[in-house]
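Have a look at final-v8.cif below; it lists mmCIF, C-alpha atoms.
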```cif
data_upload
#
loop_
_atom_site.label_atom_id
_atom_site.label_comp_id
_atom_site.auth_asym_id
_atom_site.auth_seq_id
_atom_site.Cartn_x
_atom_site.Cartn_y
_atom_site.Cartn_z
CA MET N 1 13.29 27.75 -1.26
CA VAL N 2 12.34 31.25 -2.37
CA GLU N 3 11.87 34.29 -0.19
CA PRO N 4 8.34 35.43 0.64
CA PRO N 5 6.30 36.38 -2.40
CA PHE N 6 7.05 39.58 -4.21
CA SER N 7 4.84 41.24 -6.70
CA LEU N 8 6.27 43.40 -9.39
CA SER N 9 4.52 46.23 -11.12
CA ALA N 10 5.60 48.41 -13.99
CA ARG N 11 3.76 51.62 -14.66
CA ASP N 12 3.86 53.41 -18.00
CA LEU N 13 7.44 52.35 -18.64
CA ARG N 14 9.29 54.10 -21.41
CA ALA N 15 12.80 53.42 -22.61
CA SER N 16 15.02 54.92 -25.23
CA ARG N 17 18.42 53.96 -26.51
CA GLY N 18 20.70 56.13 -28.54
CA GLY N 19 18.11 58.90 -28.60
CA ARG N 20 15.41 56.66 -30.12
CA ASP N 21 12.37 55.50 -28.21
CA ILE N 22 12.27 51.72 -27.99
CA PHE N 23 8.89 51.40 -26.30
CA GLU N 24 6.53 53.47 -24.24
CA GLY N 25 3.45 53.00 -22.12
CA VAL N 26 4.33 49.50 -20.98
CA SER N 27 2.42 48.61 -17.83
CA PHE N 28 1.92 45.27 -16.17
CA VAL N 29 1.56 43.63 -12.81
CA LEU N 30 3.27 40.37 -12.05
CA ALA N 31 1.84 38.67 -8.98
CA PRO N 32 3.56 35.81 -7.13
CA GLY N 33 3.24 32.56 -9.04
CA GLU N 34 2.69 34.29 -12.36
CA ALA N 35 4.80 34.17 -15.48
CA ILE N 36 4.87 36.39 -18.53
CA LEU N 37 6.16 35.18 -21.86
CA LEU N 38 7.55 38.16 -23.67
CA ARG N 39 7.26 38.02 -27.42
CA GLY N 40 7.98 40.37 -30.26
CA ALA N 41 10.06 40.84 -33.34
CA ASN N 42 13.76 41.63 -33.21
CA GLY N 43 14.23 45.17 -32.02
CA ALA N 44 10.83 45.34 -30.35
CA GLY N 45 12.51 46.02 -27.01
CA LYS N 46 12.25 42.72 -25.14
CA THR N 47 15.81 42.85 -23.84
CA THR N 48 15.52 46.55 -23.09
CA LEU N 49 12.36 45.95 -21.06
CA LEU N 50 14.00 43.15 -19.07
CA ARG N 51 17.05 45.31 -18.36
CA ALA N 52 14.87 48.23 -17.30
CA VAL N 53 12.91 46.01 -14.91
CA ALA N 54 16.17 44.59 -13.57
CA GLY N 55 17.42 48.09 -12.83
CA LEU N 56 20.34 47.78 -15.25
CA LEU N 57 18.98 50.49 -17.49
CA ARG N 58 17.44 53.74 -16.39
CA PRO N 59 13.98 54.00 -17.93
CA ALA N 60 13.23 57.27 -19.68
CA GLY N 61 9.87 57.37 -17.93
CA GLY N 62 7.58 55.38 -15.68
CA ALA N 63 8.51 53.27 -12.70
CA VAL N 64 9.15 49.70 -11.64
CA GLU N 65 8.13 48.68 -8.15
CA PHE N 66 8.69 45.55 -6.14
CA CYS N 67 6.19 44.99 -3.34
CA ARG N 68 6.13 42.42 -0.64
CA ASP N 69 2.42 41.95 0.07
CA THR N 70 1.10 45.24 1.35
CA GLU N 71 4.34 46.72 2.56
CA GLU N 72 6.20 49.68 1.16
CA PRO N 73 8.05 49.18 -2.10
CA THR N 74 11.18 47.21 -1.34
CA GLU N 75 14.51 46.83 -3.00
CA ASN N 76 15.02 45.11 -6.31
CA ALA N 77 14.29 41.43 -5.88
CA ALA N 78 14.89 40.34 -9.44
CA ILE N 79 17.65 38.40 -11.13
CA TYR N 80 18.43 39.10 -14.76
CA CYS N 81 19.88 36.39 -17.01
CA GLY N 82 20.74 38.04 -20.29
CA VAL N 83 21.81 36.45 -23.53
CA GLN N 84 25.38 36.47 -22.27
CA ASN N 85 26.10 33.85 -19.65
CA GLY N 86 28.51 35.81 -17.49
CA LEU N 87 30.90 32.87 -17.35
CA LYS N 88 34.61 33.53 -17.05
CA ALA N 89 36.21 31.48 -19.81
CA ALA N 90 39.46 30.86 -17.91
CA LEU N 91 37.71 29.50 -14.81
CA SER N 92 36.13 26.08 -14.49
CA VAL N 93 32.36 25.78 -14.29
CA ARG N 94 32.61 24.99 -10.60
CA GLU N 95 34.75 28.07 -9.93
CA ASN N 96 32.20 30.20 -11.76
CA LEU N 97 29.38 28.73 -9.68
CA ASP N 98 31.31 29.26 -6.45
CA PHE N 99 31.90 32.88 -7.41
CA TRP N 100 28.16 33.39 -7.91
CA VAL N 101 27.42 31.72 -4.58
CA SER N 102 29.61 34.36 -2.89
CA LEU N 103 28.22 37.18 -4.99
CA TYR N 104 24.58 36.34 -4.27
CA GLY N 105 25.34 35.50 -0.66
CA ALA N 106 23.81 32.05 -1.16
CA GLU N 107 24.50 28.93 0.83
CA LYS N 108 27.19 26.53 -0.32
CA LYS N 109 24.65 23.84 -1.16
CA ALA N 110 22.95 26.16 -3.66
CA ALA N 111 25.75 25.34 -6.09
CA ASN N 112 25.00 21.63 -5.76
CA ASP N 113 21.30 22.25 -6.34
CA ALA N 114 22.20 24.15 -9.49
CA ILE N 115 24.50 21.35 -10.65
CA ASN N 116 21.71 18.82 -10.21
CA ARG N 117 18.97 20.90 -11.78
CA PHE N 118 20.96 21.66 -14.91
CA GLU N 119 22.91 18.39 -15.13
CA LEU N 120 26.26 20.15 -15.03
CA ARG N 121 28.15 17.28 -13.44
CA GLY N 122 29.55 15.96 -16.71
CA PHE N 123 31.52 19.12 -17.39
CA ILE N 124 31.77 20.72 -13.98
CA ASP N 125 35.58 20.79 -13.92
CA ARG N 126 35.97 21.88 -17.50
CA ARG N 127 37.04 25.41 -18.37
CA ALA N 128 33.96 27.47 -19.15
CA GLY N 129 35.63 28.59 -22.38
CA ALA N 130 35.70 24.99 -23.60
CA LEU N 131 31.95 24.37 -23.24
CA SER N 132 29.54 24.06 -26.12
CA THR N 133 27.01 26.86 -26.58
CA GLY N 134 24.21 24.83 -25.04
CA GLN N 135 26.33 23.67 -22.11
CA ALA N 136 27.43 27.23 -21.42
CA ARG N 137 23.79 28.33 -21.48
CA ARG N 138 22.88 25.70 -18.90
CA ALA N 139 25.76 26.77 -16.70
CA GLY N 140 24.75 30.42 -17.12
CA LEU N 141 21.14 29.74 -16.17
CA ALA N 142 22.34 27.89 -13.08
CA ARG N 143 22.53 31.38 -11.60
CA LEU N 144 18.73 31.32 -11.28
CA VAL N 145 18.93 28.44 -8.83
CA ILE N 146 21.87 29.91 -6.91
CA ALA N 147 20.47 33.42 -6.49
CA GLN N 148 17.05 32.32 -5.19
CA CYS N 149 15.53 35.63 -6.18
CA PRO N 150 11.73 35.72 -6.28
CA VAL N 151 11.54 37.41 -9.68
CA TRP N 152 13.30 35.92 -12.68
CA LEU N 153 14.00 37.98 -15.80
CA VAL N 154 15.33 35.65 -18.46
CA ASP N 155 16.31 36.54 -22.00
CA GLU N 156 16.23 33.76 -24.63
CA PRO N 157 16.87 30.93 -22.19
CA VAL N 158 16.52 27.98 -24.51
CA ALA N 159 17.79 29.23 -27.88
CA ALA N 160 20.80 26.89 -27.93
CA MET N 161 19.45 24.11 -25.73
CA ASP N 162 18.61 20.54 -26.61
CA ARG N 163 15.08 19.26 -26.06
CA ASP N 164 16.02 17.64 -22.78
CA GLY N 165 17.45 20.92 -21.50
CA VAL N 166 14.32 22.82 -22.52
CA ALA N 167 12.11 20.38 -20.63
CA ARG N 168 14.34 20.72 -17.59
CA PHE N 169 14.23 24.50 -17.77
CA ILE N 170 10.44 24.54 -18.06
CA GLN N 171 10.17 22.22 -15.07
CA LEU N 172 12.44 24.57 -13.13
CA VAL N 173 10.25 27.56 -13.95
CA VAL N 174 7.10 25.64 -13.00
CA ASP N 175 8.65 24.71 -9.64
CA HIS N 176 9.72 28.31 -9.11
CA LEU N 177 6.20 29.57 -9.79
CA GLY N 178 4.85 26.91 -7.47
CA CYS N 179 6.97 28.31 -4.64
CA GLY N 180 5.48 31.77 -5.11
CA GLY N 181 8.13 33.06 -7.47
CA SER N 182 7.43 34.83 -10.72
CA ALA N 183 9.16 35.17 -14.04
CA ILE N 184 9.32 37.17 -17.23
CA ILE N 185 10.80 35.17 -20.06
CA ALA N 186 11.63 36.62 -23.45
CA SER N 187 11.79 33.90 -26.05
CA HIS N 188 11.09 33.17 -29.68
CA ASP N 189 10.59 29.50 -28.88
CA ALA N 190 7.26 28.06 -27.83
CA LEU N 191 7.68 27.46 -24.11
CA ASP N 192 4.89 25.39 -22.65
CA ILE N 193 4.57 26.92 -19.21
CA PRO N 194 1.12 26.30 -17.72
CA GLY N 195 -0.68 29.49 -16.76
CA ALA N 196 1.84 31.81 -18.35
CA ARG N 197 0.36 34.76 -20.14
CA THR N 198 1.85 36.19 -23.28
CA MET N 199 2.77 39.80 -23.72
CA THR N 200 3.66 40.90 -27.21
CA MET N 201 5.82 43.90 -27.81
CA SER N 202 5.50 45.65 -31.12
CA ALA N 203 8.29 47.63 -32.64
CA LYS N 204 7.59 51.32 -32.36
CA ALA N 205 7.64 52.99 -35.73
CA ALA N 206 10.92 54.77 -36.26
CA ALA N 207 10.64 58.45 -35.57
CA PRO N 208 10.59 60.53 -38.72
CA MET V 1 33.42 34.61 1.30
CA SER V 2 31.96 38.09 1.08
CA ALA V 3 31.02 39.41 -2.33
CA LEU V 4 33.85 41.96 -2.40
CA ALA V 5 36.46 39.40 -1.38
CA ALA V 6 35.06 37.03 -4.02
CA ILE V 7 35.46 39.68 -6.72
CA ILE V 8 39.07 40.37 -5.69
CA TRP V 9 39.91 36.66 -5.49
CA ARG V 10 38.33 35.93 -8.85
CA ASP V 11 40.10 38.79 -10.62
CA VAL V 12 43.48 37.88 -9.14
CA ARG V 13 43.04 34.25 -10.18
CA LEU V 14 42.06 35.30 -13.69
CA ALA V 15 45.07 37.61 -13.94
CA PHE V 16 47.48 34.80 -13.08
CA ARG V 17 45.88 32.21 -15.37
CA ALA V 18 47.01 31.72 -18.95
CA GLY V 19 46.24 34.84 -20.93
CA GLY V 20 45.83 36.94 -17.79
CA GLY V 21 47.17 40.44 -17.40
CA ALA V 22 49.66 39.94 -14.53
CA LEU V 23 52.49 38.44 -16.54
CA GLN V 24 51.83 40.86 -19.38
CA ALA V 25 52.36 43.91 -17.18
CA VAL V 26 55.55 42.55 -15.62
CA ALA V 27 56.92 41.52 -19.01
CA PHE V 28 56.23 44.97 -20.41
CA PHE V 29 57.85 46.55 -17.34
CA ALA V 30 60.99 44.46 -17.83
CA LEU V 31 61.03 45.16 -21.55
CA VAL V 32 60.95 48.94 -21.10
CA VAL V 33 63.70 48.79 -18.48
CA VAL V 34 65.95 46.55 -20.57
CA LEU V 35 65.46 48.64 -23.70
CA PHE V 36 66.21 51.77 -21.74
CA SER V 37 69.43 50.35 -20.33
CA LEU V 38 70.48 49.31 -23.84
CA ALA V 39 69.72 52.79 -25.15
CA VAL V 40 71.70 54.58 -22.44
CA GLY V 41 74.73 52.36 -23.02
CA PRO V 42 77.75 51.99 -20.78
CA ASP V 43 77.54 55.37 -19.00
CA ILE V 44 77.21 53.97 -15.46
CA ALA V 45 77.19 57.36 -13.75
CA LEU V 46 74.25 58.56 -15.86
CA MET V 47 72.46 55.29 -15.34
CA ARG V 48 72.74 55.53 -11.55
CA LYS V 49 71.18 58.96 -11.71
CA ILE V 50 68.17 58.09 -13.84
CA ALA V 51 67.52 54.52 -12.62
CA GLY V 52 64.82 55.56 -10.13
CA PRO V 53 62.81 57.74 -12.53
CA VAL V 54 63.16 55.11 -15.27
CA LEU V 55 61.76 52.42 -12.98
CA TRP V 56 58.87 54.71 -12.08
CA THR V 57 58.09 55.58 -15.71
CA ALA V 58 58.28 51.94 -16.76
CA ALA V 59 55.98 50.88 -13.92
CA LEU V 60 53.49 53.55 -14.93
CA LEU V 61 53.53 52.46 -18.57
CA ALA V 62 53.12 48.83 -17.59
CA THR V 63 50.10 49.80 -15.50
CA LEU V 64 48.70 51.82 -18.38
CA ILE V 65 48.55 48.92 -20.83
CA SER V 66 46.64 46.78 -18.33
CA LEU V 67 43.85 49.27 -17.65
CA ASP V 68 41.36 48.72 -20.45
CA GLN V 69 40.61 45.18 -19.34
CA ILE V 70 39.57 46.09 -15.78
CA TRP V 71 35.90 46.50 -16.62
CA ARG V 72 35.61 45.65 -20.29
CA ALA V 73 36.40 41.96 -19.88
CA ASP V 74 33.49 41.76 -17.46
CA ARG V 75 31.21 43.70 -19.75
CA GLU V 76 31.98 41.53 -22.76
CA ASP V 77 31.04 38.24 -21.10
CA GLY V 78 28.04 39.61 -19.22
CA SER V 79 29.48 39.36 -15.73
CA LEU V 80 29.40 43.14 -15.29
CA ASP V 81 25.59 42.93 -15.21
CA ILE V 82 25.80 40.33 -12.47
CA ILE V 83 28.31 42.35 -10.47
CA VAL V 84 26.25 45.54 -10.72
CA GLU V 85 23.00 43.72 -9.99
CA THR V 86 24.31 42.09 -6.82
CA SER V 87 26.27 45.08 -5.58
CA ASP V 88 25.03 46.66 -2.36
CA ALA V 89 27.20 49.72 -2.91
CA LEU V 90 28.71 50.16 -6.34
CA PRO V 91 31.57 52.41 -5.11
CA LEU V 92 32.75 49.63 -2.81
CA THR V 93 32.58 47.17 -5.68
CA ALA V 94 34.64 49.58 -7.79
CA ALA V 95 37.18 49.85 -4.97
CA ALA V 96 37.37 46.04 -4.87
CA LYS V 97 38.04 45.92 -8.61
CA ALA V 98 40.81 48.51 -8.20
CA ALA V 99 42.27 46.49 -5.33
CA ALA V 100 42.21 43.36 -7.48
CA HIS V 101 43.99 45.26 -10.22
CA TRP V 102 46.69 46.33 -7.76
CA PHE V 103 47.19 42.77 -6.48
CA SER V 104 47.53 41.47 -10.01
CA THR V 105 49.55 44.36 -11.52
CA GLY V 106 50.98 46.76 -8.95
CA LEU V 107 52.24 44.13 -6.54
CA PRO V 108 54.00 42.01 -9.22
CA LEU V 109 55.66 45.18 -10.52
CA ILE V 110 56.97 45.99 -7.04
CA ILE V 111 58.25 42.43 -6.65
CA ALA V 112 60.05 42.64 -10.02
CA THR V 113 61.61 46.02 -9.22
CA PRO V 114 64.67 44.85 -7.21
CA ILE V 115 65.73 42.55 -10.05
CA LEU V 116 65.30 45.25 -12.69
CA GLY V 117 67.11 47.67 -10.38
CA VAL V 118 70.23 45.56 -10.85
CA ILE V 119 69.97 45.90 -14.63
CA LEU V 120 69.72 49.68 -14.26
CA ASN V 121 72.61 49.83 -11.79
CA LEU V 122 70.31 51.31 -9.17
CA PRO V 123 72.43 52.58 -6.22
CA ALA V 124 72.11 50.44 -3.09
CA SER V 125 70.78 53.42 -1.14
CA ALA V 126 67.94 53.84 -3.65
CA TYR V 127 66.29 50.41 -3.29
CA VAL V 128 64.27 51.24 -0.21
CA PRO V 129 63.10 54.66 -1.47
CA VAL V 130 62.09 53.25 -4.87
CA LEU V 131 60.21 50.31 -3.35
CA MET V 132 58.64 52.53 -0.70
CA SER V 133 57.43 55.09 -3.23
CA LEU V 134 56.10 52.36 -5.53
CA ALA V 135 54.27 50.75 -2.61
CA ILE V 136 52.59 54.06 -1.79
CA GLY V 137 52.02 55.23 -5.37
CA THR V 138 50.92 52.15 -7.34
CA PRO V 139 47.59 51.78 -5.46
CA GLY V 140 46.84 55.30 -6.68
CA LEU V 141 47.64 54.22 -10.24
CA SER V 142 45.21 51.30 -9.96
CA LEU V 143 42.45 53.45 -8.45
CA ILE V 144 42.68 56.18 -11.07
CA GLY V 145 43.01 53.55 -13.80
CA ALA V 146 39.86 51.78 -12.65
CA PHE V 147 37.97 55.05 -12.99
CA ALA V 148 39.28 55.77 -16.51
CA SER V 149 38.54 52.19 -17.50
CA ALA V 150 34.98 52.53 -16.22
CA LEU V 151 34.50 55.70 -18.25
CA ALA V 152 35.56 53.91 -21.43
CA VAL V 153 33.92 50.57 -20.67
CA SER V 154 31.54 50.61 -23.61
CA LEU V 155 34.11 51.66 -26.21
CA PRO V 156 36.10 49.15 -28.22
CA ARG V 157 39.89 49.64 -28.35
CA ALA V 158 39.80 52.37 -25.73
CA ASN V 159 43.47 52.22 -24.80
CA LEU V 160 44.32 55.56 -26.37
CA LEU V 161 41.36 57.30 -24.75
CA ILE V 162 42.18 55.77 -21.37
CA SER V 163 45.81 56.91 -21.70
CA ILE V 164 44.71 60.46 -22.44
CA ILE V 165 42.31 60.46 -19.50
CA VAL V 166 44.82 59.13 -16.98
CA ALA V 167 47.90 61.04 -18.15
CA PRO V 168 47.16 64.26 -16.26
CA LEU V 169 45.86 62.33 -13.26
CA TYR V 170 48.98 60.17 -13.16
CA ALA V 171 51.33 63.17 -13.41
CA PRO V 172 51.41 64.04 -9.67
CA ILE V 173 52.01 60.41 -8.73
CA LEU V 174 54.87 60.13 -11.20
CA ILE V 175 56.42 63.41 -10.09
CA PHE V 176 56.28 62.70 -6.36
CA GLY V 177 57.13 59.02 -6.79
CA ALA V 178 60.22 59.64 -8.90
CA GLY V 179 61.05 62.65 -6.72
CA ALA V 180 60.93 60.54 -3.58
CA SER V 181 63.13 57.84 -5.10
CA ILE V 182 65.77 60.41 -6.16
CA ALA V 183 65.69 62.31 -2.87
CA GLY V 184 65.74 59.10 -0.84
CA ALA V 185 68.76 57.75 -2.70
CA ALA V 186 70.66 61.01 -2.11
CA GLY V 187 69.61 61.19 1.53
CA ALA V 188 68.04 64.59 0.85
CA ALA V 189 65.53 66.25 3.13
CA GLN V 190 62.86 66.26 0.39
CA TYR V 191 62.40 62.50 0.75
CA ALA V 192 59.72 62.65 3.45
CA PRO V 193 57.69 65.51 1.91
CA ASN V 194 57.69 63.73 -1.46
CA LEU V 195 56.44 60.51 0.12
CA MET V 196 53.75 62.39 2.00
CA LEU V 197 52.52 64.17 -1.11
CA LEU V 198 52.56 60.83 -2.91
CA GLY V 199 50.48 59.37 -0.10
CA ALA V 200 48.11 62.32 -0.34
CA ALA V 201 47.68 61.71 -4.08
CA THR V 202 46.86 58.04 -3.47
CA LEU V 203 44.45 58.87 -0.64
CA PHE V 204 42.71 61.42 -2.84
CA ALA V 205 42.39 58.78 -5.55
CA ALA V 206 41.02 56.32 -2.97
CA LEU V 207 38.34 58.84 -2.10
CA PHE V 208 37.20 60.03 -5.50
CA SER V 209 37.90 57.07 -7.79
CA PRO V 210 35.39 54.54 -6.39
CA ILE V 211 32.58 57.09 -6.42
CA ALA V 212 33.47 58.34 -9.89
CA SER V 213 33.89 54.79 -11.21
CA ALA V 214 30.43 53.87 -9.94
CA ALA V 215 28.89 56.91 -11.62
CA ALA V 216 30.73 56.15 -14.87
CA LEU V 217 29.55 52.53 -14.84
CA ARG V 218 25.94 53.51 -14.19
CA SER V 219 25.91 55.90 -17.11
CA ASN V 220 27.59 53.35 -19.37
CA LEU V 221 25.13 50.52 -18.73
CA ASP V 222 22.59 50.33 -21.46
#
```

Translate the structure of the given file into structure tokens.
Amino acid sequence: MVEPPFSLSARDLRASRGGRDIFEGVSFVLAPGEAILLRGANGAGKTTLLRAVAGLLRPAGGAVEFCRDTEEPTENAAIYCGVQNGLKAALSVRENLDFWVSLYGAEKKAANDAINRFELRGFIDRRAGALSTGQARRAGLARLVIAQCPVWLVDEPVAAMDRDGVARFIQLVVDHLGCGGSAIIASHDALDIPGARTMTMSAKAAAP
Amino acid sequence: MSALAAIIWRDVRLAFRAGGGALQAVAFFALVVVLFSLAVGPDIALMRKIAGPVLWTAALLATLISLDQIWRADREDGSLDIIVETSDALPLTAAAKAAAHWFSTGLPLIIATPILGVILNLPASAYVPVLMSLAIGTPGLSLIGAFASALAVSLPRANLLISIIVAPLYAPILIFGAGASIAGAAGAAQYAPNLMLLGAATLFAALFSPIASAAALRSNLD
């Protein structure tokens, strides 16, 4: 299902926003099949770290590298699912999924996999703008299944989800790890993912 | 469908759905033209003379009010992250967004022009020059607009800023576009040079705008 294993390493990562350092000296290695649960208070830089790893934010220092086994560093192989779902409110859920299939260059059946994994069938033809918060979150996370990227970077995946949805998401992550994928998940909720290690970010004291 | 085609198709569909920008631009275009014809009054000779430039100015204004949504709508719902993340070459993606804007704004304006030409008493000989110059010039408006919109993507209510950024860049297109429509209607020799300069302005925009838009987006992502 997933491409050959990628490992991800961050070395001495530093990020600042609006002239203020958010974090510095963050280093980790994420091997295939591993997951990191990112924890920390509001403002500790969880989202910033995920965006920096995803390449959506230029780090102020340090480097992020994706390696396929022993080869040279390769291109970014991560998918970032932020707190926003990226759904177009005026399009139906199915139209949104089809758009992502084209964008990620996935196969047509990837959309059906996503529909099954996140139980989207009940509201698949509804406008995305008319979904409940939890439903929209499920539809947004369906991107993970469609993109089939080896590294998942997910920000607060289950904040608005019912218990059933949380269980389904955890199962999805476990399956992904089983296929040699890896994930970094920022969440305030207790996610019971076997083998996941916890990384806690602490808010850097505000500069005087 | 390729990623670029998917972006264009999605944006065009969104523009023509309820609340989309396509109808808004055409309605604004028609409004400016109708108000102008009411303001000029029954002086048919004057109207014939200024109909071409008025159509051009109205089309430019209608384009202007549609610009701030090009990138900001995508940023607000998170799809800009997805588009940037999956893009192989951000300048090409920016060009696709500009193309989508033209299909959903420029093209409807061109289609509405013959009807509004009647209201303005546009001379029969001026229809082809006006439509021709709009067809060559409006892609330039969309390209430049996409760049200004990318620059202001992270600012709320950026319409004024975008207008100030694009005004000097739009000036050559307006001058050569209106110039071509006047010269063409009169059968003057300046028709062809005006069209060529208009084409040059659009080609220049096609070259610099995607690259500049990509750079603006990169620096605005945070």

Here is a test: counting all atoms listed in the file, which residue of V:Ile50, V:Ile144, V:Ala201, V:Ala192 is nearest to Ala94 of chain V? V:Ile144

How many Å lie between atom CA of Cys149 of chain N and atom CA of Ile79 of chain N, rounded to one decimal?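 Those two atoms sit 6.1 Å apart.
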
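For the atom pair formed by atom CA of Asp162 of chain N and atom CA of Ala78 of chain N, the distance is 26.5 Å, given to one decimal.
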
Using the chain letters and numbers from this file, what does the PyMOL selection byres ((chain V) within 6 of (chain N)) select? Give the answer as a list in words.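 Against this file, the PyMOL selection byres ((chain V) within 6 of (chain N)) returns the residues Met1, Ser2, Ala3, Asp77, Gly78, Ser79 and Asp222 of chain V.
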
Please produce a file of those selected residues containing C-alpha atoms, as a compact mmCIF listing (two decimals), in the coordinates of the input.
```
# COMPACT_ATOMS: atom_id res chain seq x y z
CA MET V 1 33.42 34.61 1.30
CA SER V 2 31.96 38.09 1.08
CA ALA V 3 31.02 39.41 -2.33
CA ASP V 77 31.04 38.24 -21.10
CA GLY V 78 28.04 39.61 -19.22
CA SER V 79 29.48 39.36 -15.73
CA ASP V 222 22.59 50.33 -21.46
```

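The closest residue to Leu153 of chain N, picked from N:Ser202, N:Thr47, N:Gln171, N:Thr133 and counting all atoms listed in the file, is N:Thr47.
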
Report as JSON, numbers by chain all protein, DNA and RNA residues lying within 8 Å of Ala95 of chain V, evaluated on all atoms listed in the file, omitting residues in the same chain fewer than 2 positions from it. {"V": [91, 92, 93, 97, 98, 99, 143, 206, 209, 210]}

Please enumerate the residues selected by the PyMOL selection byres ((chain V and resi 104-110) around 6) when evaluated against the supplied file, formatted as a list in words. Val12, Ala22, Val26, His101, Trp102, Phe103, Ile111, Ala112, Thr113 and Thr138 of chain V

Output C-alpha atoms for every residue in the selection just made, as a PDB file, keeping the file's coordinate frame.
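Saved file selection29.pdb follows:
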```
ATOM      1  CA  VAL V  12      43.480  37.880  -9.140  1.00  0.00           C
ATOM      2  CA  ALA V  22      49.660  39.940 -14.530  1.00  0.00           C
ATOM      3  CA  VAL V  26      55.550  42.550 -15.620  1.00  0.00           C
ATOM      4  CA  HIS V 101      43.990  45.260 -10.220  1.00  0.00           C
ATOM      5  CA  TRP V 102      46.690  46.330  -7.760  1.00  0.00           C
ATOM      6  CA  PHE V 103      47.190  42.770  -6.480  1.00  0.00           C
ATOM      7  CA  ILE V 111      58.250  42.430  -6.650  1.00  0.00           C
ATOM      8  CA  ALA V 112      60.050  42.640 -10.020  1.00  0.00           C
ATOM      9  CA  THR V 113      61.610  46.020  -9.220  1.00  0.00           C
ATOM     10  CA  THR V 138      50.920  52.150  -7.340  1.00  0.00           C
TER      11      THR V 138
END
```

Atom CA of Gly52 of chain V to atom CA of Ser66 of chain V, distance in Å rounded to a single decimal: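 Atom CA of Ser66 of chain V lies at a distance of 21.8 Å from atom CA of Gly52 of chain V.
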
Please produce segment 58-69 of chain V, completed to N, CA, C and O atoms, as a PDB file, in the coordinates of the input.
```pdb
ATOM      1  N   ALA V  58      58.580  53.260 -16.208  1.00  0.00           N
ATOM      2  CA  ALA V  58      58.280  51.940 -16.760  1.00  0.00           C
ATOM      3  C   ALA V  58      57.107  51.298 -16.025  1.00  0.00           C
ATOM      4  O   ALA V  58      56.228  50.685 -16.643  1.00  0.00           O
ATOM      5  N   ALA V  59      57.086  51.447 -14.698  1.00  0.00           N
ATOM      6  CA  ALA V  59      55.980  50.880 -13.920  1.00  0.00           C
ATOM      7  C   ALA V  59      54.660  51.533 -14.307  1.00  0.00           C
ATOM      8  O   ALA V  59      53.618  50.873 -14.425  1.00  0.00           O
ATOM      9  N   LEU V  60      54.720  52.842 -14.541  1.00  0.00           N
ATOM     10  CA  LEU V  60      53.490  53.550 -14.930  1.00  0.00           C
ATOM     11  C   LEU V  60      53.002  53.086 -16.295  1.00  0.00           C
ATOM     12  O   LEU V  60      51.812  52.833 -16.492  1.00  0.00           O
ATOM     13  N   LEU V  61      53.934  52.928 -17.238  1.00  0.00           N
ATOM     14  CA  LEU V  61      53.530  52.460 -18.570  1.00  0.00           C
ATOM     15  C   LEU V  61      52.967  51.050 -18.513  1.00  0.00           C
ATOM     16  O   LEU V  61      51.982  50.729 -19.182  1.00  0.00           O
ATOM     17  N   ALA V  62      53.603  50.208 -17.710  1.00  0.00           N
ATOM     18  CA  ALA V  62      53.120  48.830 -17.590  1.00  0.00           C
ATOM     19  C   ALA V  62      51.715  48.805 -16.994  1.00  0.00           C
ATOM     20  O   ALA V  62      50.875  47.984 -17.384  1.00  0.00           O
ATOM     21  N   THR V  63      51.449  49.710 -16.045  1.00  0.00           N
ATOM     22  CA  THR V  63      50.100  49.800 -15.500  1.00  0.00           C
ATOM     23  C   THR V  63      49.117  50.248 -16.571  1.00  0.00           C
ATOM     24  O   THR V  63      48.016  49.706 -16.707  1.00  0.00           O
ATOM     25  N   LEU V  64      49.560  51.217 -17.356  1.00  0.00           N
ATOM     26  CA  LEU V  64      48.700  51.820 -18.380  1.00  0.00           C
ATOM     27  C   LEU V  64      48.158  50.771 -19.357  1.00  0.00           C
ATOM     28  O   LEU V  64      46.970  50.784 -19.683  1.00  0.00           O
ATOM     29  N   ILE V  65      49.028  49.862 -19.810  1.00  0.00           N
ATOM     30  CA  ILE V  65      48.550  48.920 -20.830  1.00  0.00           C
ATOM     31  C   ILE V  65      47.593  47.879 -20.245  1.00  0.00           C
ATOM     32  O   ILE V  65      46.935  47.171 -20.986  1.00  0.00           O
ATOM     33  N   SER V  66      47.524  47.798 -18.913  1.00  0.00           N
ATOM     34  CA  SER V  66      46.640  46.780 -18.330  1.00  0.00           C
ATOM     35  C   SER V  66      45.264  47.335 -18.000  1.00  0.00           C
ATOM     36  O   SER V  66      44.378  46.591 -17.581  1.00  0.00           O
ATOM     37  N   LEU V  67      45.062  48.647 -18.185  1.00  0.00           N
ATOM     38  CA  LEU V  67      43.850  49.270 -17.650  1.00  0.00           C
ATOM     39  C   LEU V  67      42.575  48.902 -18.395  1.00  0.00           C
ATOM     40  O   LEU V  67      41.535  48.703 -17.780  1.00  0.00           O
ATOM     41  N   ASP V  68      42.630  48.797 -19.726  1.00  0.00           N
ATOM     42  CA  ASP V  68      41.360  48.720 -20.450  1.00  0.00           C
ATOM     43  C   ASP V  68      40.600  47.430 -20.180  1.00  0.00           C
ATOM     44  O   ASP V  68      39.415  47.338 -20.453  1.00  0.00           O
ATOM     45  N   GLN V  69      41.298  46.446 -19.606  1.00  0.00           N
ATOM     46  CA  GLN V  69      40.610  45.180 -19.340  1.00  0.00           C
ATOM     47  C   GLN V  69      39.873  45.162 -17.997  1.00  0.00           C
ATOM     48  O   GLN V  69      39.099  44.256 -17.730  1.00  0.00           O
TER      49      GLN V  69
END
```
